[in-house]
Amino acid sequence: MDALDRQIVARLLVDGRATFQTVGAAVGLSAPAVKRRVDAMRARGEIAGFTVVVDPAALGRGVEAYVELFYRGNVSPSQLQRDLAPLPEVVGVATVTGDADAIVHVMAASMAEVERTVERIRTTANVDKTRTAIVMSRLVDRPAGAPG
């Protein structure tokens with residue numbers, strides 16, 4: 001990805017519905033040139049897709065938590081994915097450095113639903129313990145790579 005591609009991506013991160021003409025005017029390219037570059041970035045996998053960002057509360061998921069997972073022994077990333085992907089309240093899972101083996105991002109309709117989800121996670125094979133932090137408020141929330 002060259003400097004122009006990064007400028008294009010930065011514009012699309014601010015407004016994914018911006019026209020190629022609008023993006024081109026901002027970065028000094030024609031609309032067809034922007035389209036060619038976006039198509040090439042998509043073909044290379046640098047742009048994985050386009051999506052809509054919705055307020056989780058509008059979808060009935062107003063309670064958010066991060067759950068640290070601590071396993072007995074080793075756990076592979078593929079095992080974490082198999083265990084946690086089926087839980088609809090789990091919106092993200094990442095392996096991490098430090099004491100925890102993974103961090104799980106949970107979005108739920110209520111505290112009771114967070115609790116049920118954490119209990120389901122705890123029953124996963126070889127989970128030794130969990131530590132949960134409830135999100136009180138989001139102060140900075142921007143897509144990865146978006147200008148600061």
# chains A, B, ... in the order shown; residues from 1 in each chain; ligands from 1
$ select_by_dssp --residues "range 52-109 of chain A" --states "strand (DSSP E)" --output "number ranges by chain"
A: 63-71, 90-95, 102-108
$ residues_around --residues "range 110-124 of chain A" --least-positions-apart "4" --cutoff "9 Å" --atoms "only C-alpha atoms" --output "PyMOL selection string"
chain A and resi 60-65+67+69+83-84+87+89-90+106+128-130+132
$ write_last_selection --atoms "N, CA and C atoms" --output "PDB file, in the first residue's frame"
ATOM      1  N   GLY A  60     -30.203  -3.626  20.868  1.00  0.00           N
ATOM      2  CA  GLY A  60     -30.535  -4.312  22.112  1.00  0.00           C
ATOM      3  C   GLY A  60     -29.327  -4.902  22.815  1.00  0.00           C
ATOM      4  N   ARG A  61     -28.146  -4.384  22.523  1.00  0.00           N
ATOM      5  CA  ARG A  61     -26.917  -4.874  23.173  1.00  0.00           C
ATOM      6  C   ARG A  61     -26.229  -3.710  23.875  1.00  0.00           C
ATOM      7  N   GLY A  62     -26.861  -3.232  24.914  1.00  0.00           N
ATOM      8  CA  GLY A  62     -26.371  -2.044  25.602  1.00  0.00           C
ATOM      9  C   GLY A  62     -25.347  -2.301  26.690  1.00  0.00           C
ATOM     10  N   VAL A  63     -25.061  -3.557  26.986  1.00  0.00           N
ATOM     11  CA  VAL A  63     -24.082  -3.884  28.024  1.00  0.00           C
ATOM     12  C   VAL A  63     -22.888  -4.548  27.353  1.00  0.00           C
ATOM     13  N   GLU A  64     -21.714  -4.037  27.681  1.00  0.00           N
ATOM     14  CA  GLU A  64     -20.499  -4.502  27.027  1.00  0.00           C
ATOM     15  C   GLU A  64     -19.480  -4.891  28.089  1.00  0.00           C
ATOM     16  N   ALA A  65     -18.742  -5.960  27.811  1.00  0.00           N
ATOM     17  CA  ALA A  65     -17.725  -6.421  28.756  1.00  0.00           C
ATOM     18  C   ALA A  65     -16.530  -7.000  28.010  1.00  0.00           C
ATOM     19  N   VAL A  67     -13.699  -9.974  28.772  1.00  0.00           N
ATOM     20  CA  VAL A  67     -13.458 -11.110  29.665  1.00  0.00           C
ATOM     21  C   VAL A  67     -12.069 -11.670  29.370  1.00  0.00           C
ATOM     22  N   LEU A  69      -9.481 -14.626  29.704  1.00  0.00           N
ATOM     23  CA  LEU A  69      -9.549 -16.073  29.894  1.00  0.00           C
ATOM     24  C   LEU A  69      -8.181 -16.603  30.302  1.00  0.00           C
ATOM     25  N   ASP A  83     -14.391 -22.800  20.294  1.00  0.00           N
ATOM     26  CA  ASP A  83     -15.157 -22.735  21.543  1.00  0.00           C
ATOM     27  C   ASP A  83     -16.026 -21.484  21.637  1.00  0.00           C
ATOM     28  N   LEU A  84     -15.515 -20.356  21.139  1.00  0.00           N
ATOM     29  CA  LEU A  84     -16.171 -19.080  21.418  1.00  0.00           C
ATOM     30  C   LEU A  84     -17.004 -18.516  20.269  1.00  0.00           C
ATOM     31  N   LEU A  87     -20.952 -18.542  20.364  1.00  0.00           N
ATOM     32  CA  LEU A  87     -21.695 -17.735  21.336  1.00  0.00           C
ATOM     33  C   LEU A  87     -22.071 -16.395  20.706  1.00  0.00           C
ATOM     34  N   GLU A  89     -23.204 -13.639  21.797  1.00  0.00           N
ATOM     35  CA  GLU A  89     -22.830 -12.432  22.538  1.00  0.00           C
ATOM     36  C   GLU A  89     -21.342 -12.110  22.395  1.00  0.00           C
ATOM     37  N   VAL A  90     -20.562 -13.081  21.943  1.00  0.00           N
ATOM     38  CA  VAL A  90     -19.125 -12.876  21.745  1.00  0.00           C
ATOM     39  C   VAL A  90     -18.936 -12.198  20.389  1.00  0.00           C
ATOM     40  N   VAL A 106     -17.553  -9.086  24.769  1.00  0.00           N
ATOM     41  CA  VAL A 106     -18.942  -9.532  24.889  1.00  0.00           C
ATOM     42  C   VAL A 106     -19.860  -8.321  24.814  1.00  0.00           C
ATOM     43  N   ASP A 128      -9.511 -22.218  33.382  1.00  0.00           N
ATOM     44  CA  ASP A 128      -9.191 -22.219  34.808  1.00  0.00           C
ATOM     45  C   ASP A 128      -9.961 -21.124  35.532  1.00  0.00           C
ATOM     46  N   LYS A 129      -9.922 -19.908  34.955  1.00  0.00           N
ATOM     47  CA  LYS A 129     -10.645 -18.789  35.559  1.00  0.00           C
ATOM     48  C   LYS A 129     -10.864 -17.704  34.520  1.00  0.00           C
ATOM     49  N   THR A 130     -11.730 -16.772  34.870  1.00  0.00           N
ATOM     50  CA  THR A 130     -11.981 -15.606  34.031  1.00  0.00           C
ATOM     51  C   THR A 130     -11.905 -14.356  34.906  1.00  0.00           C
ATOM     52  N   THR A 132     -13.589 -10.419  34.468  1.00  0.00           N
ATOM     53  CA  THR A 132     -14.477  -9.625  33.621  1.00  0.00           C
ATOM     54  C   THR A 132     -14.428  -8.150  33.991  1.00  0.00           C
TER      55      THR A 132
END
$ select_by_dssp --residues "chain A" --states "alpha helix (DSSP H)" --output "ChimeraX atom specification"
/A:3-14,20-27,31-43,77-84,111-122
